[in-house]
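Enquirer: Just dropping this structure here.
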Amino acid sequence: MSEFLSILVPDDLWEAIGAVATAIATIVALWAAVVVPKKERAEDRSEATHEVLRATAEAVKLFDQALKLSTSDQSALGRMAAQARHQSFALDRLLNRTSLSDGAIVTGAGPLQLLEAIARQLETSRPSSQIGFARFVASELSPYEVIVPDVHDRAQRVAKYAVKRKWPGWKRRFNDFANHGLAASGQE
């Protein structure tokens, strides 16, 4: 049979077919080496940015709670300070991910300051009266309130950018943040 094929198809043609097949395999391998990691990086960036937005929303909620805190109950103070420390540590770790965009890093920097201020104030504050404590916490934390609108704005702009660029999972991860800002943190 091979003699029959060699009569019909010259040896040079088999070499040409082999060369074309090798070239196609090489192109497919190069495509996979370039495109697949790019998609993985995009997925990592999308997921990490979404985590930063959610952590940012939680930090802003905790800051609002701290501003409204009107108790001198030591256990409540300790719990809120511990929660602020925990969220601060987690957000700091999130911000060190290499897949994050500059916008996501800037978004997370503000809440990190808010969380550190909460923990610092609640761990060191022990006024005797409820009214005095509420005023004390409000007076110590209120300078940080100027950060909150910037954090809200930056977070929403990051989400809108992700939606516009259709990052992986953009509908599930960013659409609500883009439309409703940090108020959408209860989603997903």
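If you're wondering about the labels, chains in the structure tokens are A, B, ... by order shown, residues count from 1 in each chain, ligands from 1 in order shown.
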If we count only C-alpha atoms, what is near Tyr161 in chain A at a cut-off of 12 Å, once residues fewer than 2 positions away on the same chain are taken out, given as a list in words?
Expert: Ser46, Thr49, Ser101, Gly103, Ala104, Arg154, Ala155, Gln156, Arg157, Val158, Ala159, Val163, Lys164, Arg165, Lys166, Trp167, Trp170, Phe174, Asn175, Phe177, Ala178 and Asn179 of chain A
Enquirer: Might you pull out every residue within 10 Å of range 86-90 of chain A, with only C-alpha atoms counted and same-chain residues fewer than 5 positions away left off, and present them as a PyMOL selection string?
Expert: chain A and resi 52+55-56+58-59+62+80-81+95+111-119
Enquirer: Please produce a file of those selected residues containing N, CA and C atoms, as a compact mmCIF listing (two decimals), in the first residue's frame.
Expert:
# COMPACT_ATOMS: atom_id res chain seq x y z
N VAL A 52 -11.36 43.54 46.76
CA VAL A 52 -11.00 44.86 47.32
C VAL A 52 -12.25 45.73 47.45
N ALA A 55 -14.24 44.44 50.43
CA ALA A 55 -13.57 44.79 51.69
C ALA A 55 -13.69 46.29 51.96
N THR A 56 -13.64 47.09 50.91
CA THR A 56 -13.80 48.53 51.05
C THR A 56 -15.19 48.86 51.59
N GLU A 58 -17.14 46.95 53.36
CA GLU A 58 -17.22 46.52 54.76
C GLU A 58 -16.50 47.50 55.68
N ALA A 59 -15.37 48.01 55.24
CA ALA A 59 -14.62 48.98 56.05
C ALA A 59 -15.41 50.27 56.24
N LEU A 62 -18.15 49.66 58.77
CA LEU A 62 -17.62 49.62 60.13
C LEU A 62 -17.28 51.03 60.61
N MET A 80 -15.42 45.70 68.32
CA MET A 80 -15.31 46.56 67.14
C MET A 80 -13.83 46.82 66.80
N ALA A 81 -13.00 47.01 67.81
CA ALA A 81 -11.57 47.22 67.56
C ALA A 81 -10.95 45.97 66.93
N LEU A 95 -4.38 44.13 49.14
CA LEU A 95 -3.76 45.20 48.36
C LEU A 95 -2.36 44.84 47.88
N PRO A 111 -9.89 53.00 52.84
CA PRO A 111 -10.48 52.19 53.90
C PRO A 111 -9.45 51.62 54.87
N LEU A 112 -8.25 51.39 54.38
CA LEU A 112 -7.20 50.91 55.26
C LEU A 112 -6.91 51.94 56.35
N GLN A 113 -6.89 53.21 55.96
CA GLN A 113 -6.70 54.29 56.94
C GLN A 113 -7.87 54.36 57.91
N LEU A 114 -9.09 54.20 57.38
CA LEU A 114 -10.28 54.24 58.24
C LEU A 114 -10.23 53.13 59.29
N LEU A 115 -9.90 51.92 58.85
CA LEU A 115 -9.85 50.78 59.77
C LEU A 115 -8.78 50.96 60.83
N GLU A 116 -7.63 51.45 60.43
CA GLU A 116 -6.55 51.67 61.40
C GLU A 116 -6.94 52.75 62.41
N ALA A 117 -7.63 53.79 61.96
CA ALA A 117 -8.08 54.85 62.86
C ALA A 117 -9.11 54.30 63.85
N ILE A 118 -10.02 53.48 63.37
CA ILE A 118 -11.04 52.88 64.25
C ILE A 118 -10.36 52.05 65.33
N ALA A 119 -9.49 51.15 64.91
CA ALA A 119 -8.83 50.26 65.88
C ALA A 119 -8.02 51.06 66.89
Enquirer: Excluding Ala42 in chain A and residues on its chain fewer than 6 positions from it, collect all residues at most 10 Å away from it, counting only C-alpha atoms, and give them as an MDAnalysis selection string.
Expert: chainID A and resid 36 48 99:100 167:168
Enquirer: What does the structure give for the distance between CA of Leu53 in chain A and CA of Gln65 in chain A, in Å to one decimal?
Expert: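 That distance, rounded to one decimal, is 18.5 Å.
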Enquirer: Go ahead and compute the interatomic distance for CA of Lys171 in chain A and CA of Leu91 in chain A, in Å to one decimal.
Expert: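 It comes out at 23.2 Å.
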Enquirer: Can you work out the spacing between CA of Lys39 in chain A and CA of Asp153 in chain A in Å, to one decimal?
Expert: 28.0 Å
